[in-house]
$ cat final.cif   # mmCIF, C-alpha atoms
data_structure
loop_
_atom_site.group_PDB
_atom_site.id
_atom_site.type_symbol
_atom_site.label_atom_id
_atom_site.label_comp_id
_atom_site.auth_asym_id
_atom_site.auth_seq_id
_atom_site.Cartn_x
_atom_site.Cartn_y
_atom_site.Cartn_z
ATOM 1 C CA MET A 1 2.012 19.187 22.534
ATOM 2 C CA ASN A 2 4.626 18.920 19.802
ATOM 3 C CA PRO A 3 5.781 15.263 19.861
ATOM 4 C CA PHE A 4 8.977 15.930 17.910
ATOM 5 C CA PRO A 5 12.481 16.595 19.307
ATOM 6 C CA ASP A 6 14.161 20.001 19.110
ATOM 7 C CA ASP A 7 17.079 18.449 17.225
ATOM 8 C CA ILE A 8 15.619 17.676 13.796
ATOM 9 C CA PHE A 9 18.962 16.978 12.079
ATOM 10 C CA THR A 10 20.834 14.314 14.038
ATOM 11 C CA GLU A 11 20.188 10.836 12.649
ATOM 12 C CA PRO A 12 20.050 7.751 14.912
ATOM 13 C CA GLU A 13 23.262 5.816 15.500
ATOM 14 C CA ASN A 14 23.906 2.063 15.465
ATOM 15 C CA VAL A 15 20.968 1.391 13.164
ATOM 16 C CA ASP A 16 20.351 -2.297 12.476
ATOM 17 C CA PRO A 17 20.869 -2.721 8.699
ATOM 18 C CA ASP A 18 18.617 -5.800 8.510
ATOM 19 C CA GLY A 19 15.453 -4.382 6.964
ATOM 20 C CA LEU A 20 13.609 -7.682 6.894
ATOM 21 C CA ALA A 21 14.146 -8.314 10.614
ATOM 22 C CA ASN A 22 12.884 -4.864 11.613
ATOM 23 C CA LEU A 23 9.630 -4.605 9.689
ATOM 24 C CA GLY A 24 7.444 -5.105 12.737
ATOM 25 C CA PRO A 25 3.864 -5.827 11.598
ATOM 26 C CA LEU A 26 4.920 -5.385 7.950
ATOM 27 C CA ARG A 27 7.081 -8.517 8.134
ATOM 28 C CA ARG A 28 4.128 -10.681 7.159
ATOM 29 C CA LEU A 29 3.749 -8.754 3.903
ATOM 30 C CA ALA A 30 7.296 -9.355 2.672
ATOM 31 C CA GLY A 31 7.557 -11.638 -0.354
ATOM 32 C CA VAL A 32 5.718 -12.304 -3.590
ATOM 33 C CA TRP A 33 1.958 -12.864 -3.424
ATOM 34 C CA GLU A 34 -0.810 -13.956 -5.754
ATOM 35 C CA GLY A 35 -4.581 -13.874 -5.456
ATOM 36 C CA ARG A 36 -7.100 -15.287 -7.920
ATOM 37 C CA LYS A 37 -10.444 -14.399 -6.383
ATOM 38 C CA GLY A 38 -10.357 -10.611 -6.384
ATOM 39 C CA GLN A 39 -13.618 -8.668 -6.604
ATOM 40 C CA ASP A 40 -13.884 -5.105 -7.909
ATOM 41 C CA VAL A 41 -16.907 -2.791 -7.841
ATOM 42 C CA ASN A 42 -16.420 0.389 -9.883
ATOM 43 C CA PRO A 43 -18.680 3.147 -11.260
ATOM 44 C CA LYS A 44 -20.046 3.201 -14.804
ATOM 45 C CA ALA A 45 -22.583 5.420 -16.572
ATOM 46 C CA ASP A 46 -25.359 2.825 -16.295
ATOM 47 C CA GLY A 47 -24.556 1.664 -12.757
ATOM 48 C CA PRO A 48 -21.903 -0.232 -10.799
ATOM 49 C CA GLU A 49 -19.759 -2.750 -12.665
ATOM 50 C CA ARG A 50 -18.539 -5.877 -10.882
ATOM 51 C CA ARG A 51 -15.434 -7.681 -12.067
ATOM 52 C CA GLU A 52 -13.360 -10.592 -10.831
ATOM 53 C CA TYR A 53 -9.603 -10.256 -11.075
ATOM 54 C CA VAL A 54 -6.246 -11.949 -10.512
ATOM 55 C CA GLU A 55 -3.450 -10.105 -8.752
ATOM 56 C CA ARG A 56 0.290 -10.322 -8.176
ATOM 57 C CA ILE A 57 2.129 -8.251 -5.547
ATOM 58 C CA GLU A 58 5.889 -8.109 -5.039
ATOM 59 C CA MET A 59 7.055 -6.631 -1.716
ATOM 60 C CA THR A 60 10.805 -6.181 -1.235
ATOM 61 C CA PRO A 61 12.594 -4.892 1.903
ATOM 62 C CA ILE A 62 14.438 -1.584 1.546
ATOM 63 C CA ASP A 63 17.391 -0.248 3.539
ATOM 64 C CA PRO A 64 16.550 1.716 6.724
ATOM 65 C CA GLN A 65 15.533 5.314 6.020
ATOM 66 C CA ALA A 66 16.035 8.345 8.285
ATOM 67 C CA ASN A 67 14.353 11.746 8.393
ATOM 68 C CA GLY A 68 16.771 13.268 10.853
ATOM 69 C CA PRO A 69 15.936 11.416 14.113
ATOM 70 C CA GLN A 70 12.967 9.576 12.586
ATOM 71 C CA LEU A 71 13.865 6.009 11.592
ATOM 72 C CA LEU A 72 11.758 4.010 9.153
ATOM 73 C CA TYR A 73 11.915 0.449 7.853
ATOM 74 C CA GLY A 74 9.870 -0.571 4.859
ATOM 75 C CA LEU A 75 8.881 -2.511 1.772
ATOM 76 C CA ARG A 76 8.903 -1.357 -1.836
ATOM 77 C CA TYR A 77 5.965 -2.890 -3.677
ATOM 78 C CA HIS A 78 4.478 -3.369 -7.124
ATOM 79 C CA VAL A 79 0.878 -4.487 -7.717
ATOM 80 C CA ARG A 80 -0.427 -5.759 -11.060
ATOM 81 C CA ILE A 81 -4.118 -6.660 -11.507
ATOM 82 C CA ILE A 82 -5.791 -8.242 -14.538
ATOM 83 C CA ALA A 83 -9.522 -8.872 -14.940
ATOM 84 C CA VAL A 84 -10.491 -12.526 -15.388
ATOM 85 C CA GLY A 85 -10.662 -13.362 -19.089
ATOM 86 C CA GLU A 86 -8.543 -10.376 -20.153
ATOM 87 C CA GLU A 87 -4.838 -9.892 -20.895
ATOM 88 C CA THR A 88 -4.187 -6.207 -20.263
ATOM 89 C CA THR A 89 -3.484 -4.743 -16.827
ATOM 90 C CA PHE A 90 -6.400 -2.693 -15.536
ATOM 91 C CA HIS A 91 -4.658 -1.644 -12.319
ATOM 92 C CA ASP A 92 -0.938 -1.049 -11.849
ATOM 93 C CA GLN A 93 0.378 0.416 -8.608
ATOM 94 C CA VAL A 94 3.757 1.061 -7.001
ATOM 95 C CA GLY A 95 4.728 2.457 -3.635
ATOM 96 C CA TYR A 96 6.110 1.801 -0.173
ATOM 97 C CA TRP A 97 4.891 0.352 3.086
ATOM 98 C CA LEU A 98 6.720 2.038 6.001
ATOM 99 C CA TRP A 99 7.031 1.216 9.694
ATOM 100 C CA GLU A 100 8.289 3.520 12.460
ATOM 101 C CA PRO A 101 9.295 1.293 15.398
ATOM 102 C CA ALA A 102 9.544 4.222 17.857
ATOM 103 C CA THR A 103 5.878 5.215 17.489
ATOM 104 C CA GLY A 104 4.079 2.268 15.896
ATOM 105 C CA LEU A 105 3.178 4.390 12.873
ATOM 106 C CA VAL A 106 2.343 2.496 9.669
ATOM 107 C CA MET A 107 2.274 4.307 6.328
ATOM 108 C CA GLN A 108 1.493 3.382 2.751
ATOM 109 C CA SER A 109 2.567 5.590 -0.127
ATOM 110 C CA LEU A 110 1.108 4.762 -3.522
ATOM 111 C CA ALA A 111 1.098 5.935 -7.115
ATOM 112 C CA ILE A 112 -1.006 4.758 -10.033
ATOM 113 C CA PRO A 113 -0.355 5.568 -13.711
ATOM 114 C CA ARG A 114 -3.541 7.575 -14.138
ATOM 115 C CA GLY A 115 -2.172 10.664 -12.450
ATOM 116 C CA GLN A 116 -2.888 9.953 -8.801
ATOM 117 C CA THR A 117 -0.827 9.577 -5.639
ATOM 118 C CA ALA A 118 -1.621 9.167 -1.948
ATOM 119 C CA LEU A 119 0.016 8.845 1.439
ATOM 120 C CA ALA A 120 -2.076 6.896 3.939
ATOM 121 C CA GLY A 121 -1.326 6.590 7.649
ATOM 122 C CA GLY A 122 -2.486 4.299 10.394
ATOM 123 C CA ALA A 123 -1.353 1.532 12.710
ATOM 124 C CA ALA A 124 -1.291 -2.194 13.268
ATOM 125 C CA THR A 125 -4.360 -3.797 14.822
ATOM 126 C CA ASP A 126 -4.676 -7.063 16.735
ATOM 127 C CA THR A 127 -5.165 -8.941 13.471
ATOM 128 C CA GLY A 128 -3.679 -6.787 10.718
ATOM 129 C CA LEU A 129 -3.191 -3.230 9.492
ATOM 130 C CA LYS A 130 -5.393 -0.253 8.697
ATOM 131 C CA VAL A 131 -4.399 2.969 6.915
ATOM 132 C CA SER A 132 -6.362 5.862 5.464
ATOM 133 C CA ALA A 133 -6.017 9.141 3.566
ATOM 134 C CA ARG A 134 -8.340 12.033 2.778
ATOM 135 C CA ARG A 135 -8.485 14.591 0.010
ATOM 136 C CA GLY A 136 -7.254 18.001 1.161
ATOM 137 C CA GLU A 137 -5.132 16.704 4.042
ATOM 138 C CA THR A 138 -1.495 17.816 4.110
ATOM 139 C CA GLU A 139 -0.212 14.858 6.162
ATOM 140 C CA TYR A 140 -2.121 11.830 4.872
ATOM 141 C CA GLY A 141 -3.701 13.079 1.674
ATOM 142 C CA ILE A 142 -4.605 12.360 -1.943
ATOM 143 C CA SER A 143 -3.387 14.200 -5.040
ATOM 144 C CA SER A 144 -5.063 13.796 -8.467
ATOM 145 C CA THR A 145 -5.004 15.242 -11.961
ATOM 146 C CA ALA A 146 -7.420 17.991 -12.976
ATOM 147 C CA PHE A 147 -9.499 15.477 -14.967
ATOM 148 C CA LEU A 148 -9.870 13.072 -12.040
ATOM 149 C CA GLU A 149 -10.829 15.982 -9.788
ATOM 150 C CA HIS A 150 -13.463 16.942 -12.370
ATOM 151 C CA ALA A 151 -14.879 13.524 -13.210
ATOM 152 C CA PHE A 152 -13.997 11.014 -10.472
ATOM 153 C CA ARG A 153 -12.961 13.006 -7.411
ATOM 154 C CA THR A 154 -11.457 10.842 -4.677
ATOM 155 C CA ASP A 155 -12.579 12.070 -1.253
ATOM 156 C CA SER A 156 -11.098 9.306 0.900
ATOM 157 C CA TYR A 157 -9.171 6.040 0.794
ATOM 158 C CA THR A 158 -9.083 3.271 3.402
ATOM 159 C CA LEU A 159 -7.221 -0.024 3.245
ATOM 160 C CA GLU A 160 -7.702 -2.715 5.863
ATOM 161 C CA ILE A 161 -5.516 -5.840 5.867
ATOM 162 C CA THR A 162 -6.295 -8.992 7.834
ATOM 163 C CA PHE A 163 -3.634 -11.616 8.537
ATOM 164 C CA HIS A 164 -4.693 -15.278 8.585
ATOM 165 C CA ASP A 165 -3.321 -18.215 10.566
ATOM 166 C CA ASP A 166 -2.253 -20.070 7.405
ATOM 167 C CA GLY A 167 0.128 -17.237 6.409
ATOM 168 C CA SER A 168 -2.159 -15.698 3.794
ATOM 169 C CA TRP A 169 -3.697 -12.241 4.126
ATOM 170 C CA SER A 170 -6.694 -10.453 2.725
ATOM 171 C CA TYR A 171 -7.598 -6.837 2.175
ATOM 172 C CA VAL A 172 -10.600 -4.588 1.665
ATOM 173 C CA SER A 173 -9.922 -1.292 -0.096
ATOM 174 C CA ASP A 174 -12.603 1.417 -0.041
ATOM 175 C CA THR A 175 -12.261 4.553 -2.153
ATOM 176 C CA MET A 176 -15.077 7.081 -1.876
ATOM 177 C CA LEU A 177 -15.643 8.813 -5.222
ATOM 178 C CA ALA A 178 -17.665 11.826 -6.269
ATOM 179 C CA VAL A 179 -18.635 10.835 -9.830
ATOM 180 C CA ARG A 180 -19.676 13.719 -12.035
ATOM 181 C CA GLY A 181 -23.402 13.582 -12.879
ATOM 182 C CA GLN A 182 -24.203 11.088 -10.110
ATOM 183 C CA GLU A 183 -25.675 11.915 -6.707
ATOM 184 C CA GLY A 184 -23.859 11.134 -3.489
ATOM 185 C CA LEU A 185 -20.559 9.308 -3.116
ATOM 186 C CA PHE A 186 -19.750 6.006 -4.806
ATOM 187 C CA GLN A 187 -18.024 3.341 -2.706
ATOM 188 C CA HIS A 188 -15.401 1.822 -4.998
ATOM 189 C CA ARG A 189 -14.444 -1.419 -3.274
ATOM 190 C CA ASP A 190 -11.729 -3.976 -4.039
ATOM 191 C CA ARG A 191 -11.070 -7.133 -2.066
ATOM 192 C CA ASN A 192 -8.855 -10.176 -2.413
ATOM 193 C CA THR A 193 -6.947 -12.868 -0.512
ATOM 194 C CA LEU A 194 -3.224 -13.290 -1.226
ATOM 195 C CA THR A 195 -1.067 -16.408 -0.888
ATOM 196 C CA LYS A 196 2.738 -16.327 -0.834
ATOM 197 C CA VAL A 197 4.423 -17.770 -3.919
ATOM 198 C CA ALA A 198 8.038 -16.681 -3.213
ATOM 199 C CA GLU A 199 10.078 -15.547 -0.209
ATOM 200 C CA PRO A 200 11.486 -11.997 -0.075
ATOM 201 C CA ARG A 201 15.077 -11.129 -0.874
ATOM 202 C CA GLY A 202 17.065 -9.270 1.756
ATOM 203 C CA ASN A 203 17.315 -5.497 1.535
ATOM 204 C CA PRO A 204 20.205 -4.092 -0.597
ATOM 205 C CA LEU A 205 22.477 -3.266 2.352
ATOM 206 C CA MET A 206 22.233 -6.778 3.762
ATOM 207 C CA ARG A 207 22.786 -8.365 0.338
ATOM 208 C CA ARG A 208 25.950 -6.308 -0.093
ATOM 209 C CA GLU A 209 27.218 -7.390 3.325
ATOM 210 C CA ASP A 210 26.539 -10.997 2.352
ATOM 211 C CA GLY A 211 28.500 -10.562 -0.880
ATOM 212 C CA LEU A 212 25.441 -10.983 -3.078
ATOM 213 C CA ASP A 213 24.564 -9.004 -6.204
ATOM 214 C CA LEU A 214 22.281 -6.049 -5.668
#
$ encode --input "final.cif" --output "structure tokens"
Amino acid sequence: MNPFPDDIFTEPENVDPDGLANLGPLRRLAGVWEGRKGQDVNPKADGPERREYVERIEMTPIDPQANGPQLLYGLRYHVRIIAVGEETTFHDQVGYWLWEPATGLVMQSLAIPRGQTALAGGAATDTGLKVSARRGETEYGISSTAFLEHAFRTDSYTLEITFHDDGSWSYVSDTMLAVRGQEGLFQHRDRNTLTKVAEPRGNPLMRREDGLDL
């Protein structure tokens, strides 16, 4: 059955403007985070390469967003990752984490500056979050440049986050790649544990109501 209402235009009324207070399971991600024990396994011509990395993630609440009757709260984020012993960024990523209180839907949109975007969907678990996307899907899919499709085709993406009692959280990211000239799929895995180094600012609407600069 179609789960959506017949009226696709009317937006919800009396929406709570406090983005931070309405993030549901995403609330624990809000803030600035750092991790110094990241592990990356990626494909190379002569076999898998393993690297350790440091990471910084900034997650900032956004104002409530509506698609007609659908109401979403979320976080805008920026990830920067540097391999241990190096100075240049080897992974930069921006996007949004989104939460739909009415259904429990969790989404992650992401973009990386190598010509790739994805929208992953999922839900909260008892201990964290899990989202996924697949190449070719029109709802939760992956879009890549012609070169990436040719050389390092991404067939699927899964991200699982685990919340810890001390306030930190960890993740395991699995990207299944079809690498040109290599048999089978390569499991490109990243993992790290993040610790909060700064509290989040309120979303723009709340800051304006409080008389603060946006």
$ atom_distance --input "final.cif" --atom1 "CA of Ala83 in chain A" --atom2 "CA of Arg27 in chain A"
28.4 Å
$ atom_distance --input "final.cif" --atom1 "CA of Ile161 in chain A" --atom2 "CA of Leu110 in chain A"
15.6 Å
$ closest_residue --input "final.cif" --among "A:Thr138, A:Gln108, A:Gln187, A:Thr193" --to "Leu159 in chain A" --atoms "all atoms listed in the file"
A:Gln108
$ resolve_selection --input "final.cif" --expression "the PyMOL selection byres ((chain A and resi 65-82) around 8)" --output "PyMOL selection string"
chain A and resi 7-12+19+22-23+26+30+53-64+83-84+86-102
$ resolve_selection --input "final.cif" --expression "the PyMOL selection byres ((chain A and resi 171-178) around 8)" --output "number ranges by chain"
A: 151-162, 169-170, 179-180, 182, 184-193
$ residues_around --input "final.cif" --residues "Leu129 in chain A" --least-positions-apart "2" --cutoff "8 Å" --atoms "all atoms listed in the file" --output "list in words"
Pro25, Val106, Gly122, Ala123, Ala124, Thr125, Thr127, Val131, Glu160, Ile161 and Thr162 of chain A
$ atom_distance --input "final.cif" --atom1 "CA of Leu105 in chain A" --atom2 "CA of Gly121 in chain A"
7.2 Å
$ axis_aligned_box --input "final.cif" --around "range 153-156 of chain A" --padding-each-side "8 Å" --output "AutoDock Vina command-line options"
--center_x -12.0 --center_y 11.2 --center_z -3.3 --size_x 17.9 --size_y 19.7 --size_z 24.3
$ resolve_selection --input "final.cif" --expression "the PyMOL selection byres ((chain A and resi 139) around 12)" --output "ChimeraX atom specification"
/A:107,109,118-122,132-138,140-143
$ residues_near_point --input "final.cif" --point "(-4.5, -15.6, -6.4)" --cutoff "6 Å" --atoms "all atoms listed in the file" --output "PDB file with C-alpha atoms, in the frame of the given file"
ATOM      1  CA  GLU A  34      -0.810 -13.956  -5.754  1.00  0.00           C
ATOM      2  CA  GLY A  35      -4.581 -13.874  -5.456  1.00  0.00           C
ATOM      3  CA  ARG A  36      -7.100 -15.287  -7.920  1.00  0.00           C
ATOM      4  CA  VAL A  54      -6.246 -11.949 -10.512  1.00  0.00           C
ATOM      5  CA  LEU A 194      -3.224 -13.290  -1.226  1.00  0.00           C
TER       6      LEU A 194
END
$ closest_residue --input "final.cif" --among "A:Thr195, A:Pro113, A:Asp166, A:Asn203" --to "Lys37 in chain A" --atoms "only C-alpha atoms"
A:Thr195
$ closest_residue --input "final.cif" --among "A:Ala21, A:Arg28, A:Phe4, A:Leu205" --to "Thr103 in chain A" --atoms "only C-alpha atoms"
A:Phe4
